[in-house]
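Quick look at start09.cif (mmCIF, C-alpha atoms):
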data_structure
loop_
_atom_site.group_PDB
_atom_site.id
_atom_site.type_symbol
_atom_site.label_atom_id
_atom_site.label_comp_id
_atom_site.auth_asym_id
_atom_site.auth_seq_id
_atom_site.Cartn_x
_atom_site.Cartn_y
_atom_site.Cartn_z
ATOM 1 C CA MET A 30 24.075 9.474 5.340
ATOM 2 C CA ARG A 31 23.498 6.074 3.733
ATOM 3 C CA PHE A 32 20.246 4.135 3.899
ATOM 4 C CA LEU A 33 21.236 0.578 3.041
ATOM 5 C CA LEU A 34 19.455 -2.544 4.205
ATOM 6 C CA ASP A 35 21.425 -5.087 6.184
ATOM 7 C CA ALA A 36 21.804 -8.710 5.100
ATOM 8 C CA GLU A 37 18.831 -9.903 7.155
ATOM 9 C CA GLN A 38 16.520 -7.239 5.725
ATOM 10 C CA ARG A 39 17.639 -7.995 2.172
ATOM 11 C CA ALA A 40 17.048 -11.698 2.748
ATOM 12 C CA PHE A 41 13.562 -10.894 4.084
ATOM 13 C CA ALA A 42 12.775 -8.872 0.944
ATOM 14 C CA ASP A 43 14.157 -11.582 -1.324
ATOM 15 C CA SER A 44 12.108 -14.296 0.392
ATOM 16 C CA LEU A 45 8.899 -12.265 0.073
ATOM 17 C CA ASN A 46 9.658 -11.506 -3.561
ATOM 18 C CA ALA A 47 10.244 -15.181 -4.337
ATOM 19 C CA MET A 48 7.108 -16.278 -2.509
ATOM 20 C CA LEU A 49 4.897 -13.710 -4.219
ATOM 21 C CA ALA A 50 6.431 -14.338 -7.637
ATOM 22 C CA ALA A 51 5.365 -17.979 -7.341
ATOM 23 C CA SER A 52 1.827 -17.097 -6.213
ATOM 24 C CA ASP A 53 0.266 -15.841 -9.497
ATOM 25 C CA THR A 54 -0.833 -12.590 -7.881
ATOM 26 C CA PRO A 55 -2.454 -11.185 -11.079
ATOM 27 C CA SER A 56 -5.033 -13.985 -10.937
ATOM 28 C CA ALA A 57 -5.627 -13.310 -7.242
ATOM 29 C CA VAL A 58 -6.072 -9.586 -7.974
ATOM 30 C CA ARG A 59 -8.589 -10.238 -10.745
ATOM 31 C CA ASP A 60 -10.554 -12.624 -8.526
ATOM 32 C CA TRP A 61 -10.492 -10.089 -5.697
ATOM 33 C CA SER A 62 -11.889 -7.353 -7.928
ATOM 34 C CA ARG A 63 -14.862 -9.640 -8.676
ATOM 35 C CA GLY A 64 -15.470 -10.315 -4.983
ATOM 36 C CA GLU A 65 -13.940 -13.803 -5.113
ATOM 37 C CA HIS A 66 -11.551 -13.938 -2.177
ATOM 38 C CA ALA A 67 -10.304 -17.526 -1.938
ATOM 39 C CA ARG A 68 -6.961 -16.926 -3.677
ATOM 40 C CA GLY A 69 -6.481 -13.609 -1.947
ATOM 41 C CA ARG A 70 -7.146 -15.110 1.485
ATOM 42 C CA ALA A 71 -4.656 -17.893 0.813
ATOM 43 C CA LEU A 72 -2.098 -15.287 -0.216
ATOM 44 C CA TRP A 73 -2.896 -13.261 2.911
ATOM 45 C CA SER A 74 -2.161 -16.321 5.071
ATOM 46 C CA ARG A 75 1.203 -16.854 3.400
ATOM 47 C CA ILE A 76 2.115 -13.202 3.901
ATOM 48 C CA ALA A 77 1.160 -13.478 7.577
ATOM 49 C CA GLU A 78 3.234 -16.649 7.952
ATOM 50 C CA ALA A 79 6.198 -14.641 6.661
ATOM 51 C CA GLY A 80 5.679 -12.300 9.633
ATOM 52 C CA VAL A 81 4.560 -9.193 7.770
ATOM 53 C CA PHE A 82 1.550 -8.272 9.910
ATOM 54 C CA ALA A 83 3.349 -9.223 13.118
ATOM 55 C CA LEU A 84 5.778 -6.375 12.363
ATOM 56 C CA ALA A 85 3.012 -3.901 13.258
ATOM 57 C CA VAL A 86 1.907 -5.716 16.431
ATOM 58 C CA PRO A 87 3.818 -5.233 19.712
ATOM 59 C CA GLU A 88 5.405 -8.252 21.354
ATOM 60 C CA ALA A 89 2.912 -7.961 24.230
ATOM 61 C CA TYR A 90 0.203 -9.027 21.754
ATOM 62 C CA GLU A 91 2.130 -11.866 20.087
ATOM 63 C CA GLY A 92 3.751 -9.681 17.455
ATOM 64 C CA LEU A 93 7.276 -8.619 16.521
ATOM 65 C CA GLY A 94 6.952 -4.867 16.421
ATOM 66 C CA PRO A 95 6.352 -2.203 15.791
ATOM 67 C CA ARG A 96 9.215 -2.310 13.288
ATOM 68 C CA PRO A 97 8.535 0.387 10.665
ATOM 69 C CA LEU A 98 11.707 -0.189 8.640
ATOM 70 C CA GLU A 99 10.935 -3.882 8.137
ATOM 71 C CA LEU A 100 7.327 -2.958 7.355
ATOM 72 C CA ALA A 101 8.567 -0.626 4.623
ATOM 73 C CA VAL A 102 10.760 -3.405 3.209
ATOM 74 C CA ALA A 103 7.799 -5.790 3.189
ATOM 75 C CA PHE A 104 5.346 -3.344 1.629
ATOM 76 C CA ILE A 105 7.697 -2.587 -1.246
ATOM 77 C CA GLU A 106 7.420 -6.251 -2.191
ATOM 78 C CA LEU A 107 3.648 -6.285 -1.654
ATOM 79 C CA GLY A 108 3.378 -3.321 -4.028
ATOM 80 C CA ARG A 109 5.799 -4.887 -6.504
ATOM 81 C CA HIS A 110 3.385 -7.821 -6.845
ATOM 82 C CA ALA A 111 0.147 -5.773 -6.563
ATOM 83 C CA VAL A 112 -1.113 -7.846 -3.612
ATOM 84 C CA PRO A 113 -4.799 -7.062 -2.930
ATOM 85 C CA GLY A 114 -6.528 -6.583 0.394
ATOM 86 C CA PRO A 115 -6.664 -4.142 3.322
ATOM 87 C CA LEU A 116 -2.923 -4.373 3.941
ATOM 88 C CA VAL A 117 -2.304 -0.800 5.053
ATOM 89 C CA GLU A 118 -5.597 -0.756 6.935
ATOM 90 C CA THR A 119 -4.723 -3.819 9.021
ATOM 91 C CA VAL A 120 -1.339 -2.338 9.928
ATOM 92 C CA THR A 121 -2.881 1.048 10.773
ATOM 93 C CA ALA A 122 -5.646 -0.530 12.841
ATOM 94 C CA ALA A 123 -3.062 -2.546 14.769
ATOM 95 C CA ILE A 124 -1.111 0.607 15.617
ATOM 96 C CA LEU A 125 -4.301 2.412 16.648
ATOM 97 C CA LEU A 126 -5.392 -0.355 19.002
ATOM 98 C CA ALA A 127 -1.928 -0.867 20.473
ATOM 99 C CA ASP A 128 -1.806 2.844 21.380
ATOM 100 C CA LEU A 129 -5.157 2.844 23.214
ATOM 101 C CA PRO A 130 -4.960 3.401 26.992
ATOM 102 C CA ASP A 131 -7.199 0.367 27.502
ATOM 103 C CA PRO A 132 -5.307 -2.797 26.439
ATOM 104 C CA GLY A 133 -8.499 -4.845 26.201
ATOM 105 C CA PRO A 134 -9.323 -4.263 22.508
ATOM 106 C CA ALA A 135 -5.721 -4.959 21.520
ATOM 107 C CA LYS A 136 -5.590 -8.206 23.513
ATOM 108 C CA ARG A 137 -8.793 -9.424 21.880
ATOM 109 C CA ARG A 138 -7.845 -8.647 18.281
ATOM 110 C CA LEU A 139 -4.135 -8.118 17.636
ATOM 111 C CA PRO A 140 -2.945 -11.745 17.979
ATOM 112 C CA ALA A 141 -5.377 -12.846 15.258
ATOM 113 C CA TRP A 142 -4.276 -9.982 12.978
ATOM 114 C CA ALA A 143 -0.611 -10.824 13.499
ATOM 115 C CA SER A 144 -1.185 -14.489 12.624
ATOM 116 C CA GLY A 145 -3.336 -13.746 9.585
ATOM 117 C CA GLU A 146 -6.395 -15.478 11.017
ATOM 118 C CA ALA A 147 -8.274 -12.183 10.757
ATOM 119 C CA MET A 148 -7.946 -8.906 8.891
ATOM 120 C CA ALA A 149 -9.123 -5.408 9.657
ATOM 121 C CA THR A 150 -10.302 -2.469 7.656
ATOM 122 C CA LEU A 151 -10.568 1.116 8.745
ATOM 123 C CA ALA A 152 -12.663 4.106 7.696
ATOM 124 C CA TRP A 153 -10.610 7.161 8.622
ATOM 125 C CA ARG A 154 -12.965 10.138 8.898
ATOM 126 C CA THR A 155 -14.923 8.910 5.885
ATOM 127 C CA PRO A 156 -17.939 6.590 5.627
ATOM 128 C CA TYR A 157 -16.078 4.155 3.337
ATOM 129 C CA ALA A 158 -13.699 1.361 4.268
ATOM 130 C CA LEU A 159 -11.516 -0.697 1.954
ATOM 131 C CA ASP A 160 -12.576 -4.342 1.448
ATOM 132 C CA GLY A 161 -15.327 -4.220 4.012
ATOM 133 C CA ASP A 162 -16.843 -7.373 2.510
ATOM 134 C CA VAL A 163 -13.818 -9.509 3.421
ATOM 135 C CA ALA A 164 -12.429 -7.866 6.572
ATOM 136 C CA THR A 165 -13.345 -9.518 9.853
ATOM 137 C CA THR A 166 -13.129 -6.299 11.897
ATOM 138 C CA HIS A 167 -14.500 -2.945 10.736
ATOM 139 C CA LEU A 168 -13.149 0.099 12.540
ATOM 140 C CA ALA A 169 -14.461 3.614 12.021
ATOM 141 C CA LEU A 170 -12.602 6.695 13.191
ATOM 142 C CA THR A 171 -15.022 9.614 13.450
ATOM 143 C CA PRO A 172 -14.903 12.969 15.243
ATOM 144 C CA GLN A 173 -16.715 11.212 18.096
ATOM 145 C CA GLY A 174 -14.060 8.506 18.510
ATOM 146 C CA LEU A 175 -12.924 5.079 17.358
ATOM 147 C CA TYR A 176 -15.728 2.541 16.881
ATOM 148 C CA VAL A 177 -16.078 -1.092 15.897
ATOM 149 C CA SER A 178 -18.737 -0.930 13.203
ATOM 150 C CA PRO A 179 -21.460 -3.608 13.271
ATOM 151 C CA GLY A 180 -21.308 -4.163 9.488
ATOM 152 C CA HIS A 181 -21.118 -2.578 6.075
ATOM 153 C CA GLY A 182 -23.302 -1.582 3.149
ATOM 154 C CA PRO A 183 -23.065 -2.394 -0.571
ATOM 155 C CA VAL A 184 -19.574 -2.648 -2.043
ATOM 156 C CA ARG A 185 -18.472 -0.391 -4.871
ATOM 157 C CA HIS A 186 -15.256 -0.148 -6.881
ATOM 158 C CA SER A 187 -12.765 2.659 -6.608
ATOM 159 C CA LEU A 188 -10.385 3.778 -9.361
ATOM 160 C CA ASP A 189 -8.458 0.560 -8.777
ATOM 161 C CA PRO A 190 -10.949 -2.329 -9.262
ATOM 162 C CA ALA A 191 -9.116 -4.358 -6.616
ATOM 163 C CA ARG A 192 -9.710 -1.612 -4.034
ATOM 164 C CA ARG A 193 -13.342 -2.297 -3.152
ATOM 165 C CA LEU A 194 -15.040 0.271 -0.906
ATOM 166 C CA ALA A 195 -17.951 -0.325 1.425
ATOM 167 C CA PRO A 196 -19.822 2.165 3.636
ATOM 168 C CA LEU A 197 -19.697 1.176 7.293
ATOM 169 C CA GLU A 198 -22.898 1.046 9.295
ATOM 170 C CA PRO A 199 -23.105 3.690 12.040
ATOM 171 C CA GLY A 200 -22.935 2.850 15.691
ATOM 172 C CA GLY A 201 -21.144 -0.072 17.265
ATOM 173 C CA GLU A 202 -18.757 -0.474 20.176
ATOM 174 C CA LEU A 203 -16.876 2.673 21.197
ATOM 175 C CA LEU A 204 -13.227 1.785 21.779
ATOM 176 C CA SER A 205 -12.002 5.289 22.604
ATOM 177 C CA PRO A 206 -13.577 8.752 22.463
ATOM 178 C CA ALA A 207 -10.258 10.410 21.565
ATOM 179 C CA PRO A 208 -7.645 7.952 20.290
ATOM 180 C CA ALA A 209 -4.106 9.083 19.509
ATOM 181 C CA THR A 210 -3.891 9.072 15.726
ATOM 182 C CA ALA A 211 -0.579 10.658 14.666
ATOM 183 C CA HIS A 212 1.440 7.459 15.178
ATOM 184 C CA ALA A 213 -1.082 5.351 13.260
ATOM 185 C CA LEU A 214 -1.331 7.870 10.431
ATOM 186 C CA ALA A 215 2.448 7.891 10.094
ATOM 187 C CA HIS A 216 2.413 4.096 9.672
ATOM 188 C CA ALA A 217 -0.422 4.337 7.146
ATOM 189 C CA ARG A 218 1.499 6.828 5.048
ATOM 190 C CA LEU A 219 4.777 4.957 5.371
ATOM 191 C CA THR A 220 3.328 1.629 4.224
ATOM 192 C CA THR A 221 1.376 3.328 1.434
ATOM 193 C CA ALA A 222 4.579 5.013 0.261
ATOM 194 C CA ALA A 223 6.421 1.689 0.325
ATOM 195 C CA GLN A 224 3.601 -0.005 -1.567
ATOM 196 C CA ALA A 225 3.669 2.767 -4.184
ATOM 197 C CA LEU A 226 7.435 2.449 -4.559
ATOM 198 C CA GLY A 227 7.031 -1.277 -5.190
ATOM 199 C CA VAL A 228 4.320 -0.577 -7.777
ATOM 200 C CA GLY A 229 6.601 1.899 -9.538
ATOM 201 C CA LEU A 230 9.531 -0.518 -9.570
ATOM 202 C CA ALA A 231 7.337 -3.241 -11.069
ATOM 203 C CA LEU A 232 6.041 -0.871 -13.752
ATOM 204 C CA LEU A 233 9.573 0.143 -14.638
ATOM 205 C CA ASP A 234 10.733 -3.479 -14.896
ATOM 206 C CA LYS A 235 7.768 -4.434 -17.069
ATOM 207 C CA THR A 236 8.279 -1.443 -19.334
ATOM 208 C CA VAL A 237 11.998 -2.089 -19.781
ATOM 209 C CA ALA A 238 11.208 -5.669 -20.756
ATOM 210 C CA HIS A 239 8.535 -4.458 -23.194
ATOM 211 C CA VAL A 240 10.710 -1.912 -25.002
ATOM 212 C CA LYS A 241 13.376 -4.569 -25.511
ATOM 213 C CA ARG A 242 10.824 -6.788 -27.300
ATOM 214 C CA ARG A 243 8.825 -4.248 -29.286
ATOM 215 C CA THR A 244 10.392 -3.115 -32.544
ATOM 216 C CA GLN A 245 9.859 -0.191 -34.910
ATOM 217 C CA PHE A 246 11.837 0.589 -38.083
ATOM 218 C CA GLY A 247 13.651 -2.708 -37.609
ATOM 219 C CA ALA A 248 15.035 -1.903 -34.139
ATOM 220 C CA PRO A 249 13.841 -2.361 -30.525
ATOM 221 C CA ILE A 250 12.186 0.834 -29.351
ATOM 222 C CA GLY A 251 14.329 0.628 -26.234
ATOM 223 C CA SER A 252 17.282 1.643 -28.399
ATOM 224 C CA PHE A 253 15.687 5.032 -29.181
ATOM 225 C CA GLN A 254 17.156 7.941 -27.255
ATOM 226 C CA ALA A 255 13.770 9.425 -26.322
ATOM 227 C CA VAL A 256 12.642 6.123 -24.798
ATOM 228 C CA LYS A 257 15.880 5.792 -22.854
ATOM 229 C CA HIS A 258 15.427 9.281 -21.411
ATOM 230 C CA ARG A 259 11.865 8.552 -20.269
ATOM 231 C CA LEU A 260 12.957 5.355 -18.533
ATOM 232 C CA ALA A 261 15.984 7.036 -16.986
ATOM 233 C CA ASP A 262 13.760 9.779 -15.540
ATOM 234 C CA ALA A 263 11.468 7.149 -14.027
ATOM 235 C CA LYS A 264 14.418 5.243 -12.574
ATOM 236 C CA ILE A 265 15.917 8.369 -11.002
ATOM 237 C CA ALA A 266 12.590 9.375 -9.439
ATOM 238 C CA LEU A 267 12.058 5.934 -7.896
ATOM 239 C CA GLU A 268 15.610 5.677 -6.609
ATOM 240 C CA PHE A 269 15.348 9.155 -5.106
ATOM 241 C CA ALA A 270 12.216 8.053 -3.234
ATOM 242 C CA ARG A 271 13.879 4.970 -1.733
ATOM 243 C CA PRO A 272 16.231 6.724 0.759
ATOM 244 C CA LEU A 273 13.446 9.123 1.758
ATOM 245 C CA LEU A 274 11.267 6.118 2.546
ATOM 246 C CA PHE A 275 13.903 4.330 4.612
ATOM 247 C CA GLY A 276 14.916 7.562 6.323
ATOM 248 C CA ALA A 277 11.293 8.211 7.290
ATOM 249 C CA ALA A 278 11.020 4.646 8.624
ATOM 250 C CA LEU A 279 13.968 5.347 10.916
ATOM 251 C CA THR A 280 12.650 8.635 12.310
ATOM 252 C CA MET A 281 8.862 8.192 11.928
ATOM 253 C CA ALA A 282 8.625 11.972 12.134
ATOM 254 C CA PRO A 283 5.333 13.120 10.566
ATOM 255 C CA ALA A 284 7.040 15.533 8.170
ATOM 256 C CA ASP A 285 9.551 12.886 7.071
ATOM 257 C CA VAL A 286 6.806 10.355 6.441
ATOM 258 C CA ALA A 287 4.709 12.884 4.524
ATOM 259 C CA ALA A 288 7.738 13.700 2.357
ATOM 260 C CA ALA A 289 8.350 10.027 1.664
ATOM 261 C CA LYS A 290 4.698 9.479 0.834
ATOM 262 C CA VAL A 291 4.420 12.293 -1.678
ATOM 263 C CA THR A 292 7.793 11.495 -3.276
ATOM 264 C CA ALA A 293 7.180 7.754 -3.658
ATOM 265 C CA CYS A 294 3.613 8.168 -4.888
ATOM 266 C CA GLU A 295 4.520 10.877 -7.392
ATOM 267 C CA ALA A 296 7.420 8.758 -8.671
ATOM 268 C CA ALA A 297 5.144 5.745 -9.073
ATOM 269 C CA TYR A 298 2.488 7.845 -10.824
ATOM 270 C CA ALA A 299 5.046 9.341 -13.225
ATOM 271 C CA THR A 300 6.386 5.858 -13.935
ATOM 272 C CA ALA A 301 2.850 4.656 -14.638
ATOM 273 C CA ARG A 302 2.369 7.434 -17.192
ATOM 274 C CA THR A 303 5.653 6.494 -18.849
ATOM 275 C CA ALA A 304 4.716 2.809 -18.842
ATOM 276 C CA LEU A 305 1.358 3.552 -20.434
ATOM 277 C CA GLN A 306 2.873 5.717 -23.166
ATOM 278 C CA LEU A 307 5.642 3.256 -24.040
ATOM 279 C CA HIS A 308 3.299 0.265 -24.113
ATOM 280 C CA GLY A 309 0.986 2.037 -26.519
ATOM 281 C CA ALA A 310 -2.587 0.877 -27.073
ATOM 282 C CA ILE A 311 -2.093 -2.438 -25.297
ATOM 283 C CA GLY A 312 -1.450 -0.550 -22.058
ATOM 284 C CA TYR A 313 -5.041 0.707 -22.060
ATOM 285 C CA THR A 314 -6.617 -2.744 -22.084
ATOM 286 C CA ALA A 315 -7.948 -4.099 -18.800
ATOM 287 C CA GLU A 316 -7.104 -7.642 -19.901
ATOM 288 C CA TYR A 317 -3.389 -6.838 -20.007
ATOM 289 C CA ASP A 318 -1.756 -7.338 -16.584
ATOM 290 C CA LEU A 319 -0.028 -3.951 -16.719
ATOM 291 C CA SER A 320 -3.378 -2.361 -15.872
ATOM 292 C CA LEU A 321 -3.303 -3.939 -12.400
ATOM 293 C CA TRP A 322 -0.293 -1.798 -11.522
ATOM 294 C CA LEU A 323 -1.337 1.297 -13.483
ATOM 295 C CA THR A 324 -4.599 1.739 -11.598
ATOM 296 C CA LYS A 325 -2.950 1.014 -8.257
ATOM 297 C CA ALA A 326 -0.317 3.704 -8.804
ATOM 298 C CA ARG A 327 -3.072 6.252 -9.399
ATOM 299 C CA ALA A 328 -5.161 5.114 -6.434
ATOM 300 C CA LEU A 329 -2.294 5.076 -3.925
ATOM 301 C CA ARG A 330 -1.393 8.635 -4.879
ATOM 302 C CA GLY A 331 -4.555 9.961 -3.263
ATOM 303 C CA VAL A 332 -5.096 7.792 -0.174
ATOM 304 C CA TRP A 333 -3.928 8.764 3.327
ATOM 305 C CA GLY A 334 -3.221 12.274 2.119
ATOM 306 C CA ASP A 335 -3.003 13.446 -1.474
ATOM 307 C CA PRO A 336 0.159 15.243 -2.691
ATOM 308 C CA ASP A 337 -1.096 18.691 -1.688
ATOM 309 C CA ILE A 338 -1.940 17.550 1.837
ATOM 310 C CA CYS A 339 1.394 15.785 2.295
ATOM 311 C CA ARG A 340 3.325 18.783 1.006
ATOM 312 C CA ALA A 341 1.453 20.998 3.460
ATOM 313 C CA ASP A 342 2.314 18.582 6.265
ATOM 314 C CA VAL A 343 5.988 18.705 5.299
ATOM 315 C CA LEU A 344 5.805 22.488 5.671
ATOM 316 C CA GLY A 345 3.982 22.152 8.980
ATOM 317 C CA ALA A 346 0.895 23.931 7.683
ATOM 318 C CA ARG A 347 -1.573 21.184 8.578
ATOM 319 C CA ASP A 348 -2.414 19.119 11.628
ATOM 320 C CA VAL A 349 -1.515 15.515 10.645
ATOM 321 C CA SER A 350 -4.559 14.156 12.469
ATOM 322 C CA GLY A 351 -6.807 15.937 9.968
ATOM 323 C CA ASP A 352 -5.825 13.870 6.961
ATOM 324 C CA ARG A 353 -8.455 13.242 4.282
ATOM 325 C CA ARG A 354 -8.338 9.605 3.259
ATOM 326 C CA TRP A 355 -10.194 9.136 -0.049
#
Would you mind giving the structure from this file in structure tokens?
Amino acid sequence: MRFLLDAEQRAFADSLNAMLAASDTPSAVRDWSRGEHARGRALWSRIAEAGVFALAVPEAYEGLGPRPLELAVAFIELGRHAVPGPLVETVTAAILLADLPDPGPAKRRLPAWASGEAMATLAWRTPYALDGDVATTHLALTPQGLYVSPGHGPVRHSLDPARRLAPLEPGGELLSPAPATAHALAHARLTTAAQALGVGLALLDKTVAHVKRRTQFGAPIGSFQAVKHRLADAKIALEFARPLLFGAALTMAPADVAAAKVTACEAAYATARTALQLHGAIGYTAEYDLSLWLTKARALRGVWGDPDICRADVLGARDVSGDRRW
């Protein structure tokens, strides 16, 4: 079986890549980590204009989806450029609301999410939500149901400084006492896996460029056999994750998505370790842009199900609705 994108999907990926490459995303990420959202919001609007968020919103609510394969294509590029913001959370919230028996909440909110006029964040069985200080809608999924939270508490950083967490205030409007969650969780894991794959590909590209420039003993370190082997291992791991990701996007079976998530995130994390080692001391400095991808690779590995949870889900040993988010 071959998992190859068609011409339209490749053109979509290329257009996103070109747009993001011209947007100086490292500056937007650094601003975002300081709580300065102007550049990030402008970038969010451009991503929405490209149709990314509409891919998660059904046509009945002014969207184009749900189209998980195109979402995976888009999120690879978002990860490749380390785009900040509650990207996965907005997609997951859109799927949750679209699946509610009552169409009212979806009609009120999904068109604005699809157009980029608003963004959502979601606390999934945890008190903390990503980017609660910038999201316009705060959803909280608790054992009692799905709520719209009235606000959030003080913001704190996670492992990735651009992933800012805020505790949601209790109470608020109850949207559903028992929402269906498996479909939304599958989309959360799929887009996280795609984002991680993009992060890993960016780290590999940056490391290859670095080892061509850096010299030791009068030769580029990229000419050393040990360095070549480390980069080849990273390349193989990332390329192995790609068909699993696209295959999961076609089936959206929980076990397939869990397999794609753990494979892509582990490949990205291994690539990050290789990138850090081959960059040497400069890779440890927060001022060097590589750090924006290094910390994201580590953070994405644990969200929406850490490797142990995803492996258990592949084996059918865990109810997918019981995922631990942070």
Atom CA of A:Ala326 to atom CA of A:Leu159, straight-line distance in Å |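 So the two atoms, atom CA of A:Leu159 and atom CA of A:Ala326, lie 16.1 Å apart.
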Across A:Leu329, A:Leu274, A:Ala169, A:Leu233, the smallest distance to A:Leu125, with all atoms listed in the file counted, is shown by A:Ala169
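Once A:Arg271 and its same-chain neighbours fewer than 3 positions away are set aside, Leu226, Leu267, Glu268, Leu274, Phe275 and Ala293 of chain A remain within 8 Å of it when counting all atoms listed in the file.
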Distance criterion (only C-alpha atoms): nearest to A:Ala67 out of A:Val163, A:Leu307, A:Leu279, A:Leu93 | A:Val163
Can you list what the PyMOL selection byres ((chain A and resi 211-221) around 7) grabs from this structure, as number ranges by chain?
-> A: 100-101, 104, 117, 121, 124-125, 209-210, 222-225, 281, 283, 286-287, 290, 329, 333, 349-350
Long-range neighbours of A:His186 as a PyMOL selection string, 10 Å cut-off, only C-alpha atoms, 2 positions minimum in chain = chain A and resi 62-63+159-160+184+188-195
Which residues match the PyMOL selection byres ((chain A and resi 204) around 8) in the file above, as a PDB file with C-alpha atoms, keeping the file's coordinate frame?
ATOM      1  CA  PRO A 134      -9.323  -4.263  22.508  1.00  0.00           C
ATOM      2  CA  GLY A 174     -14.060   8.506  18.510  1.00  0.00           C
ATOM      3  CA  LEU A 175     -12.924   5.079  17.358  1.00  0.00           C
ATOM      4  CA  TYR A 176     -15.728   2.541  16.881  1.00  0.00           C
ATOM      5  CA  VAL A 177     -16.078  -1.092  15.897  1.00  0.00           C
ATOM      6  CA  GLU A 202     -18.757  -0.474  20.176  1.00  0.00           C
ATOM      7  CA  LEU A 203     -16.876   2.673  21.197  1.00  0.00           C
ATOM      8  CA  SER A 205     -12.002   5.289  22.604  1.00  0.00           C
ATOM      9  CA  PRO A 206     -13.577   8.752  22.463  1.00  0.00           C
TER      10      PRO A 206
END
Once the PyMOL selection byres ((chain A and resi 105-111) around 6) has been applied to the shown file, what residues remain in the selection, as a list in words?
->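 After applying the PyMOL selection byres ((chain A and resi 105-111) around 6), what remains is Asn46, Val102, Ala103, Phe104, Val112, Ala223, Gln224, Gly227, Val228 and Ala231 of chain A.
Shortest atom-to-atom contact with A:Ala288 among A:Gly312, A:Pro87, A:Pro249, A:Gly334: A:Gly334, counting all atoms listed in the file.
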